[in-house]
Amino acid sequence: MGPEVDPVISDAKLPARADVVLIGGGIIGATGALFLAERGLSVVLVEKGQIAGEQSGRNWGWCRQANRDPREFNLIRESLVLWRGLNERIGVDAGFRTTGILFAARDDETEQKYVDWVQLAAASGIEAVVVRSAELERLLPGDSSPPKSALYCASDGGAEPQRAVPAIALAARRAGATIVTNCAARGVETAGGRVVSVVTEHGSIACTSVVVAAGAWSRRILRDLGIALPQLKVLASVARTSPVEDGPEAAVWDDVFAFRKRSDGGYTVANGRTTVVPITPDSFRFFNAFIPALMMDWKSLKLRLDKRFLAELREAPSVGLDRPSPYEATRVLDPAPDRRYLDVAMAALRDRYPCFVGAGLTQIWAGFIDVTPDAVPVISATEEITGLIVATGFSGHGFGIGPGAGYLVADLVSGARPLVDPREFRLSRYFDGTKPRPVASV
Ligand SMILES: Cc1cc2nc3c(=O)[nH]c(=O)nc-3n(C[C@H](O)[C@H](O)[C@H](O)COP(=O)(O)OP(=O)(O)OC[C@H]3O[C@@H](n4cnc5c(N)ncnc54)[C@H](O)[C@@H]3O)c2cc1C
């Protein structure tokens with residue numbers, strides 16, 4: 001079972017038409033719906049399960065510039081501006097706090113990587129430093145074996161995923177959007193190369209624009225439209241501790257563990273070193289595209305053949321839009337967490353920080369992260385179908401960049417001047433000979 005997410009009750013009636021239909025009620029769909037509704041467009045968001053039921057309600061809650069891929073610098077900078085103004089914009093507390101984020105360096109090579117990154121980021125207006133000795137000890141109170149140095153971005157922060165995304169969806173509704181949950185989009189209908197409607201399990205919505213913000217499901221939705229999206233899933237497990245006194249305020253990544261202090265005083269903890277990659281039919285299909293990512297992260301990736309292979313094989317065939325779809329069969333993708341790696345992370349954390357010794361684990365869960373070959377999202381109109389926008393593949397860091405991405409989606413749909421240059425996020429980069437590669441680890 002995933003974490004408890006603030007409920008968003010569905011609107012009762014599915015409109016017969018709208019300017020825009022967003023498929024997926026994660027942070028991208030919710031922020032996109034908010035910014036589109038604010039611009040006066042008629043907006044329907046359909047979610048097959050519950051708002052923030054998948055990645056957007058299961059993540060660590062980090063909103064970081066630190067250690068980002070340079071292609072995302074402008075968007076994350078703008079996203080943090082949006083996070084900071086969010087409470088005022090939506091009239092409720094979405095839980096964002098500026099706490100700082102710190103990436104530990106335990107060897108010279110990593111330290112040099114961070115020194116270079118700081119310079120690169122500064123050119124894009126992102127302030128970060130490499131901290132050492134006394135400053136490092138101040139940021140990591142109680143650490144019995146502090147790292148050599150760390151990349152530190154004081155203006156980074158975090159928000160509470162289970163609260164923030166529902167709050168944004170409710171704000172979108174107040175701005176005029178219709179939010180329908182337990183309503184799977186079975187597919188998109190087109191005519192003459194343009195979007196004409198979204199067919200859901202509860203009926204069709206005629207529209208001129210569709211935003212595919214369906215996280216790990218986006219690839220399948222696009223495939224049914226004849227559009228290829230190289231996307232795989234990786235499994236990430238998370239633990240929640242009871243309140244801890246005197247631990248660090250900043251969120252910290254230090255090799256085997258990563259943690260963030262939540263607003264309730266407990267910590268969200270994960271294994272920062274190990275990522276589980278289920279082998280699926282798509283692993284073979286996209287093997288070549290993902291080779292650079294596999295090579296870069298090979299030490300931390302644990303390939304696993306499990307029941308996911310058969311599940312994806314079974315749900316692969318296309319289904320007529322008048323018949324129940326795999327989206328209805330899996331209302332919420334809720335994989336089992338991998339306890340082993342969490343135990344390793346907790347043991348290391350307790351060893352290093354005595355304040356965590358008495359902390360109990362109150363819950364563990366997992367989520368499937370949707371990754372692209374270069375670990376940079378796709379936020380893009382499609383060349384094949386007019387009116388079809390894709391916003392997906394956030395590769396494990398879409399929560400923090402979510403508001404910026406949602407804003408950019410609204411720009412692409414409404415034809416406004418884009419918040420940032422969207423070229424880095426175009427879908428066609430995978431097919432135009434660019435050979436995009438990951439810069440930072442996934
Ligand atoms: C364990 C974990 C830790 C993470 N930590 C961080 C972090 O600290 N910071 C950070 O920035 N990012 C983090 N991420 C990544 C971040 O959570 C995601 O990048 C982000 O939430 C993606 O949002 P999304 O809206 O694209 O997708 P999702 O949140 O996955 O939402 C997609 C939604 O679409 C719905 N859907 C799919 N198909 C259909 C359909 N046919 N019809 C209707 N609805 C459909 C799904 O049910 C789902 O709710 C983490 C992810 C995980 C799993």
# chains A, B, ... in the order shown; residues from 1 in each chain; ligands from 1
call {"tool": "residues_near_ligand", "arguments": {"ligand": "ligand 1", "cutoff": "6 Å", "atoms": "only C-alpha atoms and all ligand atoms", "output": "mmCIF file with N, CA and C atoms, in the first residue's frame"}}
result
data_model
loop_
_atom_site.group_PDB
_atom_site.id
_atom_site.type_symbol
_atom_site.label_atom_id
_atom_site.label_comp_id
_atom_site.auth_asym_id
_atom_site.auth_seq_id
_atom_site.Cartn_x
_atom_site.Cartn_y
_atom_site.Cartn_z
ATOM 1 N N ILE A 23 -4.584 13.746 -19.407
ATOM 2 C CA ILE A 23 -4.667 12.344 -18.978
ATOM 3 C C ILE A 23 -3.615 12.130 -17.900
ATOM 4 N N GLY A 24 -4.076 11.914 -16.660
ATOM 5 C CA GLY A 24 -3.147 11.661 -15.552
ATOM 6 C C GLY A 24 -3.214 12.724 -14.488
ATOM 7 N N GLY A 25 -3.481 12.282 -13.261
ATOM 8 C CA GLY A 25 -3.613 13.212 -12.130
ATOM 9 C C GLY A 25 -2.432 13.158 -11.192
ATOM 10 N N GLY A 26 -1.216 13.177 -11.757
ATOM 11 C CA GLY A 26 -0.012 13.378 -10.947
ATOM 12 C C GLY A 26 0.295 14.868 -10.897
ATOM 13 N N ILE A 27 1.521 15.202 -10.484
ATOM 14 C CA ILE A 27 1.838 16.635 -10.342
ATOM 15 C C ILE A 27 1.812 17.354 -11.689
ATOM 16 N N ILE A 28 2.147 16.631 -12.759
ATOM 17 C CA ILE A 28 2.187 17.302 -14.064
ATOM 18 C C ILE A 28 0.756 17.606 -14.546
ATOM 19 N N GLY A 29 -0.123 16.597 -14.438
ATOM 20 C CA GLY A 29 -1.511 16.829 -14.839
ATOM 21 C C GLY A 29 -2.167 17.890 -13.968
ATOM 22 N N VAL A 46 -8.581 13.726 -16.375
ATOM 23 C CA VAL A 46 -9.081 12.396 -16.038
ATOM 24 C C VAL A 46 -7.942 11.579 -15.423
ATOM 25 N N GLU A 47 -8.272 10.899 -14.342
ATOM 26 C CA GLU A 47 -7.291 10.089 -13.616
ATOM 27 C C GLU A 47 -7.890 8.705 -13.410
ATOM 28 N N LYS A 48 -7.141 7.675 -13.798
ATOM 29 C CA LYS A 48 -7.701 6.316 -13.741
ATOM 30 C C LYS A 48 -7.924 5.831 -12.308
ATOM 31 N N GLY A 49 -7.120 6.336 -11.383
ATOM 32 C CA GLY A 49 -7.258 5.935 -9.978
ATOM 33 C C GLY A 49 -7.566 7.151 -9.138
ATOM 34 N N ILE A 51 -6.001 10.959 -7.414
ATOM 35 C CA ILE A 51 -4.998 12.010 -7.617
ATOM 36 C C ILE A 51 -3.759 11.673 -6.775
ATOM 37 N N ALA A 52 -2.603 11.736 -7.410
ATOM 38 C CA ALA A 52 -1.304 11.452 -6.755
ATOM 39 C C ALA A 52 -1.223 10.012 -6.242
ATOM 40 N N GLY A 53 -1.953 9.120 -6.874
ATOM 41 C CA GLY A 53 -1.915 7.719 -6.444
ATOM 42 C C GLY A 53 -0.607 7.028 -6.834
ATOM 43 N N GLU A 54 0.041 7.500 -7.896
ATOM 44 C CA GLU A 54 1.277 6.827 -8.325
ATOM 45 C C GLU A 54 2.481 7.688 -7.922
ATOM 46 N N GLN A 55 3.435 7.915 -8.833
ATOM 47 C CA GLN A 55 4.703 8.549 -8.426
ATOM 48 C C GLN A 55 4.543 9.823 -7.598
ATOM 49 N N SER A 56 3.567 10.649 -7.993
ATOM 50 C CA SER A 56 3.499 11.983 -7.381
ATOM 51 C C SER A 56 3.112 11.951 -5.906
ATOM 52 N N ARG A 58 4.205 9.276 -4.005
ATOM 53 C CA ARG A 58 5.099 8.269 -3.408
ATOM 54 C C ARG A 58 6.544 8.741 -3.332
ATOM 55 N N ASN A 59 6.802 9.955 -3.774
ATOM 56 C CA ASN A 59 8.211 10.353 -3.905
ATOM 57 C C ASN A 59 8.783 10.913 -2.604
ATOM 58 N N TRP A 60 10.065 11.227 -2.655
ATOM 59 C CA TRP A 60 10.769 11.719 -1.459
ATOM 60 C C TRP A 60 10.367 13.149 -1.088
ATOM 61 N N GLY A 61 9.830 13.875 -2.052
ATOM 62 C CA GLY A 61 9.435 15.258 -1.772
ATOM 63 C C GLY A 61 10.541 16.277 -1.968
ATOM 64 N N TRP A 62 11.632 15.889 -2.618
ATOM 65 C CA TRP A 62 12.728 16.822 -2.845
ATOM 66 C C TRP A 62 12.388 17.754 -4.003
ATOM 67 N N CYS A 63 12.662 19.044 -3.817
ATOM 68 C CA CYS A 63 12.525 20.009 -4.897
ATOM 69 C C CYS A 63 13.910 20.613 -5.085
ATOM 70 N N ALA A 184 -10.512 6.059 -16.365
ATOM 71 C CA ALA A 184 -9.371 5.821 -17.251
ATOM 72 C C ALA A 184 -9.645 6.360 -18.650
ATOM 73 N N ALA A 185 -8.652 7.003 -19.213
ATOM 74 C CA ALA A 185 -8.705 7.332 -20.640
ATOM 75 C C ALA A 185 -8.269 6.081 -21.386
ATOM 76 N N ARG A 186 -9.151 5.553 -22.216
ATOM 77 C CA ARG A 186 -8.782 4.329 -22.967
ATOM 78 C C ARG A 186 -7.941 4.664 -24.187
ATOM 79 N N ALA A 213 -0.046 13.059 -19.650
ATOM 80 C CA ALA A 213 0.789 13.236 -18.448
ATOM 81 C C ALA A 213 0.566 12.004 -17.578
ATOM 82 N N ALA A 214 0.747 10.852 -18.185
ATOM 83 C CA ALA A 214 0.319 9.595 -17.570
ATOM 84 C C ALA A 214 1.475 8.818 -16.945
ATOM 85 N N GLY A 215 2.583 9.496 -16.665
ATOM 86 C CA GLY A 215 3.696 8.846 -15.959
ATOM 87 C C GLY A 215 4.131 7.573 -16.654
ATOM 88 N N ALA A 216 4.175 6.496 -15.882
ATOM 89 C CA ALA A 216 4.685 5.218 -16.391
ATOM 90 C C ALA A 216 3.808 4.621 -17.488
ATOM 91 N N TRP A 217 2.610 5.180 -17.688
ATOM 92 C CA TRP A 217 1.677 4.641 -18.685
ATOM 93 C C TRP A 217 1.724 5.400 -20.000
ATOM 94 N N ALA A 236 11.562 2.065 -7.054
ATOM 95 C CA ALA A 236 12.216 2.801 -5.963
ATOM 96 C C ALA A 236 11.407 2.614 -4.693
ATOM 97 N N SER A 237 12.084 2.226 -3.607
ATOM 98 C CA SER A 237 11.410 1.958 -2.338
ATOM 99 C C SER A 237 11.707 3.066 -1.335
ATOM 100 N N VAL A 238 10.750 3.318 -0.463
ATOM 101 C CA VAL A 238 10.831 4.456 0.455
ATOM 102 C C VAL A 238 10.376 4.020 1.850
ATOM 103 N N TYR A 327 -5.657 0.145 -18.211
ATOM 104 C CA TYR A 327 -5.633 1.267 -17.255
ATOM 105 C C TYR A 327 -6.706 1.075 -16.178
ATOM 106 N N VAL A 332 -4.237 1.678 -9.573
ATOM 107 C CA VAL A 332 -3.051 2.291 -8.961
ATOM 108 C C VAL A 332 -1.901 1.298 -9.048
ATOM 109 N N ALA A 366 6.630 1.585 -2.294
ATOM 110 C CA ALA A 366 7.481 1.706 -3.487
ATOM 111 C C ALA A 366 6.699 2.374 -4.611
ATOM 112 N N GLY A 367 7.411 2.787 -5.615
ATOM 113 C CA GLY A 367 6.777 3.352 -6.803
ATOM 114 C C GLY A 367 7.600 3.002 -8.022
ATOM 115 N N PHE A 368 6.950 2.990 -9.168
ATOM 116 C CA PHE A 368 7.680 2.817 -10.417
ATOM 117 C C PHE A 368 7.991 4.194 -10.999
ATOM 118 N N ILE A 369 9.272 4.449 -11.209
ATOM 119 C CA ILE A 369 9.718 5.707 -11.805
ATOM 120 C C ILE A 369 9.788 5.531 -13.319
ATOM 121 N N THR A 392 6.052 13.861 -19.885
ATOM 122 C CA THR A 392 6.289 12.601 -19.173
ATOM 123 C C THR A 392 7.784 12.292 -19.123
ATOM 124 N N PHE A 394 9.875 11.928 -16.394
ATOM 125 C CA PHE A 394 10.608 12.842 -15.509
ATOM 126 C C PHE A 394 11.754 12.159 -14.757
ATOM 127 N N SER A 395 11.898 10.858 -14.968
ATOM 128 C CA SER A 395 13.112 10.121 -14.605
ATOM 129 C C SER A 395 13.565 10.290 -13.156
ATOM 130 N N GLY A 396 12.580 10.303 -12.264
ATOM 131 C CA GLY A 396 12.922 10.316 -10.834
ATOM 132 C C GLY A 396 13.102 11.698 -10.250
ATOM 133 N N HIS A 397 12.852 12.761 -11.050
ATOM 134 C CA HIS A 397 12.973 14.095 -10.452
ATOM 135 C C HIS A 397 11.913 15.056 -10.994
ATOM 136 N N GLY A 398 10.695 14.534 -11.141
ATOM 137 C CA GLY A 398 9.619 15.356 -11.704
ATOM 138 C C GLY A 398 8.778 16.074 -10.683
ATOM 139 N N PHE A 399 8.942 15.738 -9.399
ATOM 140 C CA PHE A 399 8.115 16.409 -8.392
ATOM 141 C C PHE A 399 8.576 17.859 -8.247
ATOM 142 N N GLY A 400 9.873 18.041 -8.031
ATOM 143 C CA GLY A 400 10.397 19.393 -7.852
ATOM 144 C C GLY A 400 10.195 20.271 -9.076
ATOM 145 N N ILE A 401 10.361 19.678 -10.234
ATOM 146 C CA ILE A 401 10.271 20.463 -11.480
ATOM 147 C C ILE A 401 8.817 20.522 -11.979
#
call {"tool": "closest_atom_pairs", "arguments": {"of": "range 273-318 of chain A", "to": "range 239-258 of chain A", "cutoff": "12 Å", "atoms": "only C-alpha atoms", "output": "JSON lines"}}
result
{"residue": "A:Arg273", "atom": "CA", "partner": "A:Val256", "partner_atom": "CA", "distance": 4.8}
{"residue": "A:Thr274", "atom": "CA", "partner": "A:Val256", "partner_atom": "CA", "distance": 7.7}
{"residue": "A:Thr275", "atom": "CA", "partner": "A:Val256", "partner_atom": "CA", "distance": 11.0}
{"residue": "A:Ser300", "atom": "CA", "partner": "A:Val256", "partner_atom": "CA", "distance": 10.1}
call {"tool": "write_last_selection", "arguments": {"atoms": "N, CA, C and O atoms", "output": "PDB file, in the first residue's frame"}}
result
ATOM      1  N   ARG A 273      21.785   4.406  -3.096  1.00  0.00           N
ATOM      2  CA  ARG A 273      22.773   3.751  -3.951  1.00  0.00           C
ATOM      3  C   ARG A 273      22.146   2.782  -4.942  1.00  0.00           C
ATOM      4  O   ARG A 273      22.608   2.653  -6.067  1.00  0.00           O
ATOM      5  N   THR A 274      21.104   2.080  -4.523  1.00  0.00           N
ATOM      6  CA  THR A 274      20.628   0.950  -5.321  1.00  0.00           C
ATOM      7  C   THR A 274      19.269   1.230  -5.963  1.00  0.00           C
ATOM      8  O   THR A 274      18.344   1.687  -5.295  1.00  0.00           O
ATOM      9  N   THR A 275      19.181   0.943  -7.247  1.00  0.00           N
ATOM     10  CA  THR A 275      17.921   1.073  -7.964  1.00  0.00           C
ATOM     11  C   THR A 275      17.603  -0.272  -8.609  1.00  0.00           C
ATOM     12  O   THR A 275      18.462  -0.865  -9.262  1.00  0.00           O
ATOM     13  N   SER A 300      24.984   0.756  -9.663  1.00  0.00           N
ATOM     14  CA  SER A 300      23.850   0.916  -8.743  1.00  0.00           C
ATOM     15  C   SER A 300      22.587   0.202  -9.229  1.00  0.00           C
ATOM     16  O   SER A 300      21.632   0.062  -8.475  1.00  0.00           O
TER      17      SER A 300
END
call {"tool": "residues_around", "arguments": {"residues": "Ala348 in chain A", "least_positions_apart": "3", "cutoff": "12 Å", "atoms": "only C-alpha atoms", "output": "number ranges by chain"}}
result
A: 143-145, 254-259, 269-273, 341-345, 351-354, 356-357
call {"tool": "write_last_selection", "arguments": {"atoms": "N, CA, C and O atoms", "output": "mmCIF file, in the first residue's frame"}}
result
data_model
loop_
_atom_site.group_PDB
_atom_site.id
_atom_site.type_symbol
_atom_site.label_atom_id
_atom_site.label_comp_id
_atom_site.auth_asym_id
_atom_site.auth_seq_id
_atom_site.Cartn_x
_atom_site.Cartn_y
_atom_site.Cartn_z
ATOM 1 N N ASP A 143 26.371 13.945 12.684
ATOM 2 C CA ASP A 143 26.957 12.948 11.780
ATOM 3 C C ASP A 143 28.307 12.507 12.349
ATOM 4 O O ASP A 143 29.231 13.319 12.476
ATOM 5 N N SER A 144 28.416 11.224 12.681
ATOM 6 C CA SER A 144 29.645 10.741 13.331
ATOM 7 C C SER A 144 30.768 10.520 12.316
ATOM 8 O O SER A 144 31.906 10.296 12.710
ATOM 9 N N SER A 145 30.453 10.553 11.045
ATOM 10 C CA SER A 145 31.500 10.381 10.033
ATOM 11 C C SER A 145 31.190 11.255 8.820
ATOM 12 O O SER A 145 30.791 10.762 7.756
ATOM 13 N N ASP A 254 23.693 10.789 0.688
ATOM 14 C CA ASP A 254 25.060 10.384 1.049
ATOM 15 C C ASP A 254 25.235 8.904 0.717
ATOM 16 O O ASP A 254 25.234 8.049 1.616
ATOM 17 N N ASP A 255 25.342 8.623 -0.557
ATOM 18 C CA ASP A 255 25.621 7.288 -1.056
ATOM 19 C C ASP A 255 24.546 6.275 -0.664
ATOM 20 O O ASP A 255 23.531 6.166 -1.341
ATOM 21 N N VAL A 256 24.735 5.574 0.431
ATOM 22 C CA VAL A 256 23.816 4.471 0.724
ATOM 23 C C VAL A 256 22.469 4.952 1.274
ATOM 24 O O VAL A 256 21.477 4.257 1.194
ATOM 25 N N PHE A 257 22.427 6.173 1.808
ATOM 26 C CA PHE A 257 21.114 6.661 2.258
ATOM 27 C C PHE A 257 20.833 8.062 1.719
ATOM 28 O O PHE A 257 21.747 8.822 1.366
ATOM 29 N N ALA A 258 19.554 8.362 1.666
ATOM 30 C CA ALA A 258 19.093 9.710 1.325
ATOM 31 C C ALA A 258 17.913 9.981 2.237
ATOM 32 O O ALA A 258 17.122 9.072 2.508
ATOM 33 N N PHE A 259 17.811 11.206 2.745
ATOM 34 C CA PHE A 259 16.679 11.479 3.640
ATOM 35 C C PHE A 259 16.210 12.923 3.533
ATOM 36 O O PHE A 259 16.940 13.800 3.077
ATOM 37 N N VAL A 269 13.090 8.271 4.147
ATOM 38 C CA VAL A 269 14.434 7.705 3.947
ATOM 39 C C VAL A 269 14.401 6.721 2.781
ATOM 40 O O VAL A 269 13.415 6.011 2.580
ATOM 41 N N ALA A 270 15.479 6.685 2.022
ATOM 42 C CA ALA A 270 15.594 5.699 0.943
ATOM 43 C C ALA A 270 17.039 5.273 0.798
ATOM 44 O O ALA A 270 17.940 5.901 1.356
ATOM 45 N N ASN A 271 17.218 4.211 0.045
ATOM 46 C CA ASN A 271 18.574 3.784 -0.290
ATOM 47 C C ASN A 271 19.026 4.627 -1.482
ATOM 48 O O ASN A 271 18.409 4.593 -2.537
ATOM 49 N N GLY A 272 20.080 5.401 -1.281
ATOM 50 C CA GLY A 272 20.521 6.308 -2.339
ATOM 51 C C GLY A 272 21.418 5.639 -3.357
ATOM 52 O O GLY A 272 21.789 6.245 -4.361
ATOM 53 N N ARG A 273 21.785 4.406 -3.096
ATOM 54 C CA ARG A 273 22.773 3.751 -3.951
ATOM 55 C C ARG A 273 22.146 2.782 -4.942
ATOM 56 O O ARG A 273 22.608 2.653 -6.067
ATOM 57 N N TYR A 341 16.971 -3.332 0.694
ATOM 58 C CA TYR A 341 17.759 -2.122 0.451
ATOM 59 C C TYR A 341 17.392 -1.018 1.444
ATOM 60 O O TYR A 341 18.229 -0.186 1.798
ATOM 61 N N LEU A 342 16.143 -1.020 1.882
ATOM 62 C CA LEU A 342 15.755 -0.029 2.889
ATOM 63 C C LEU A 342 16.436 -0.333 4.221
ATOM 64 O O LEU A 342 16.882 0.581 4.928
ATOM 65 N N ASP A 343 16.507 -1.624 4.555
ATOM 66 C CA ASP A 343 17.173 -1.994 5.817
ATOM 67 C C ASP A 343 18.647 -1.593 5.803
ATOM 68 O O ASP A 343 19.180 -1.116 6.803
ATOM 69 N N VAL A 344 19.292 -1.774 4.649
ATOM 70 C CA VAL A 344 20.704 -1.378 4.523
ATOM 71 C C VAL A 344 20.832 0.136 4.751
ATOM 72 O O VAL A 344 21.713 0.607 5.482
ATOM 73 N N ALA A 345 19.925 0.891 4.144
ATOM 74 C CA ALA A 345 19.971 2.360 4.279
ATOM 75 C C ALA A 345 19.727 2.760 5.726
ATOM 76 O O ALA A 345 20.440 3.612 6.282
ATOM 77 N N ASP A 351 23.794 4.019 12.176
ATOM 78 C CA ASP A 351 25.207 3.930 12.516
ATOM 79 C C ASP A 351 25.846 5.311 12.525
ATOM 80 O O ASP A 351 26.663 5.636 13.386
ATOM 81 N N ARG A 352 25.483 6.105 11.579
ATOM 82 C CA ARG A 352 26.115 7.416 11.410
ATOM 83 C C ARG A 352 25.495 8.493 12.304
ATOM 84 O O ARG A 352 26.181 9.402 12.760
ATOM 85 N N TYR A 353 24.170 8.427 12.480
ATOM 86 C CA TYR A 353 23.465 9.467 13.246
ATOM 87 C C TYR A 353 22.782 8.831 14.454
ATOM 88 O O TYR A 353 21.716 8.212 14.307
ATOM 89 N N PRO A 354 23.332 8.993 15.648
ATOM 90 C CA PRO A 354 22.704 8.398 16.830
ATOM 91 C C PRO A 354 21.238 8.816 17.005
ATOM 92 O O PRO A 354 20.436 8.049 17.537
ATOM 93 N N PHE A 356 18.938 8.760 15.015
ATOM 94 C CA PHE A 356 18.017 7.870 14.292
ATOM 95 C C PHE A 356 17.872 6.494 14.954
ATOM 96 O O PHE A 356 17.056 5.686 14.526
ATOM 97 N N VAL A 357 18.678 6.256 16.006
ATOM 98 C CA VAL A 357 18.674 4.910 16.606
ATOM 99 C C VAL A 357 17.280 4.538 17.114
ATOM 100 O O VAL A 357 16.786 3.434 16.900
#
call {"tool": "select_by_dssp", "arguments": {"residues": "range 172-415 of chain A", "states": "alpha helix (DSSP H)", "output": "PyMOL selection string"}}
result
chain A and resi 172-174+218-223+281-285+287-296+307-315+326-329+339-352+402-414
call {"tool": "atom_distance", "arguments": {"atom1": "CA of Glu328 in chain A", "atom2": "CA of Val198 in chain A"}}
result
15.0 Å
call {"tool": "closest_residue", "arguments": {"among": "A:Arg426, A:Arg68, A:Arg223, A:Lys302", "to": "Ala316 in chain A", "atoms": "only C-alpha atoms"}}
result
A:Arg223
call {"tool": "atom_distance", "arguments": {"atom1": "CA of Ala121 in chain A", "atom2": "CA of Val81 in chain A"}}
result
16.2 Å
call {"tool": "decode", "arguments": {"residues": "range 240-258 of chain A", "atoms": "N, CA and C atoms", "output": "PDB file, in the first residue's frame"}}
result
ATOM      1  N   ARG A 240       9.297   5.596   5.850  1.00  0.00           N
ATOM      2  CA  ARG A 240       8.932   6.779   6.632  1.00  0.00           C
ATOM      3  C   ARG A 240       9.260   6.490   8.097  1.00  0.00           C
ATOM      4  N   THR A 241       9.988   7.387   8.756  1.00  0.00           N
ATOM      5  CA  THR A 241      10.296   7.155  10.175  1.00  0.00           C
ATOM      6  C   THR A 241       9.352   7.973  11.051  1.00  0.00           C
ATOM      7  N   SER A 242       9.314   7.575  12.313  1.00  0.00           N
ATOM      8  CA  SER A 242       8.619   8.379  13.325  1.00  0.00           C
ATOM      9  C   SER A 242       9.467   9.640  13.575  1.00  0.00           C
ATOM     10  N   PRO A 243       8.933  10.629  14.312  1.00  0.00           N
ATOM     11  CA  PRO A 243       9.684  11.873  14.531  1.00  0.00           C
ATOM     12  C   PRO A 243      11.065  11.637  15.135  1.00  0.00           C
ATOM     13  N   VAL A 244      12.017  12.453  14.690  1.00  0.00           N
ATOM     14  CA  VAL A 244      13.410  12.354  15.139  1.00  0.00           C
ATOM     15  C   VAL A 244      13.830  13.727  15.649  1.00  0.00           C
ATOM     16  N   GLU A 245      14.416  13.770  16.835  1.00  0.00           N
ATOM     17  CA  GLU A 245      14.889  15.044  17.400  1.00  0.00           C
ATOM     18  C   GLU A 245      16.306  15.329  16.911  1.00  0.00           C
ATOM     19  N   ASP A 246      16.590  16.575  16.628  1.00  0.00           N
ATOM     20  CA  ASP A 246      17.974  17.060  16.391  1.00  0.00           C
ATOM     21  C   ASP A 246      18.645  16.499  15.137  1.00  0.00           C
ATOM     22  N   GLY A 247      17.899  16.016  14.175  1.00  0.00           N
ATOM     23  CA  GLY A 247      18.501  15.580  12.905  1.00  0.00           C
ATOM     24  C   GLY A 247      18.686  16.776  11.968  1.00  0.00           C
ATOM     25  N   PRO A 248      19.362  16.582  10.838  1.00  0.00           N
ATOM     26  CA  PRO A 248      19.568  17.687   9.895  1.00  0.00           C
ATOM     27  C   PRO A 248      18.243  18.238   9.342  1.00  0.00           C
ATOM     28  N   GLU A 249      18.228  19.535   9.110  1.00  0.00           N
ATOM     29  CA  GLU A 249      17.064  20.182   8.472  1.00  0.00           C
ATOM     30  C   GLU A 249      17.143  20.028   6.952  1.00  0.00           C
ATOM     31  N   ALA A 250      18.380  20.046   6.434  1.00  0.00           N
ATOM     32  CA  ALA A 250      18.554  19.929   4.977  1.00  0.00           C
ATOM     33  C   ALA A 250      18.267  18.497   4.540  1.00  0.00           C
ATOM     34  N   ALA A 251      17.799  18.331   3.319  1.00  0.00           N
ATOM     35  CA  ALA A 251      17.697  16.987   2.748  1.00  0.00           C
ATOM     36  C   ALA A 251      19.098  16.573   2.305  1.00  0.00           C
ATOM     37  N   VAL A 252      19.407  15.289   2.500  1.00  0.00           N
ATOM     38  CA  VAL A 252      20.786  14.839   2.301  1.00  0.00           C
ATOM     39  C   VAL A 252      20.820  13.566   1.461  1.00  0.00           C
ATOM     40  N   TRP A 253      21.707  13.550   0.467  1.00  0.00           N
ATOM     41  CA  TRP A 253      22.047  12.304  -0.228  1.00  0.00           C
ATOM     42  C   TRP A 253      23.488  11.965   0.136  1.00  0.00           C
ATOM     43  N   ASP A 254      23.693  10.789   0.688  1.00  0.00           N
ATOM     44  CA  ASP A 254      25.060  10.384   1.049  1.00  0.00           C
ATOM     45  C   ASP A 254      25.235   8.904   0.717  1.00  0.00           C
ATOM     46  N   ASP A 255      25.342   8.623  -0.557  1.00  0.00           N
ATOM     47  CA  ASP A 255      25.621   7.288  -1.056  1.00  0.00           C
ATOM     48  C   ASP A 255      24.546   6.275  -0.664  1.00  0.00           C
ATOM     49  N   VAL A 256      24.735   5.574   0.431  1.00  0.00           N
ATOM     50  CA  VAL A 256      23.816   4.471   0.724  1.00  0.00           C
ATOM     51  C   VAL A 256      22.469   4.952   1.274  1.00  0.00           C
ATOM     52  N   PHE A 257      22.427   6.173   1.808  1.00  0.00           N
ATOM     53  CA  PHE A 257      21.114   6.661   2.258  1.00  0.00           C
ATOM     54  C   PHE A 257      20.833   8.062   1.719  1.00  0.00           C
ATOM     55  N   ALA A 258      19.554   8.362   1.666  1.00  0.00           N
ATOM     56  CA  ALA A 258      19.093   9.710   1.325  1.00  0.00           C
ATOM     57  C   ALA A 258      17.913   9.981   2.237  1.00  0.00           C
TER      58      ALA A 258
END
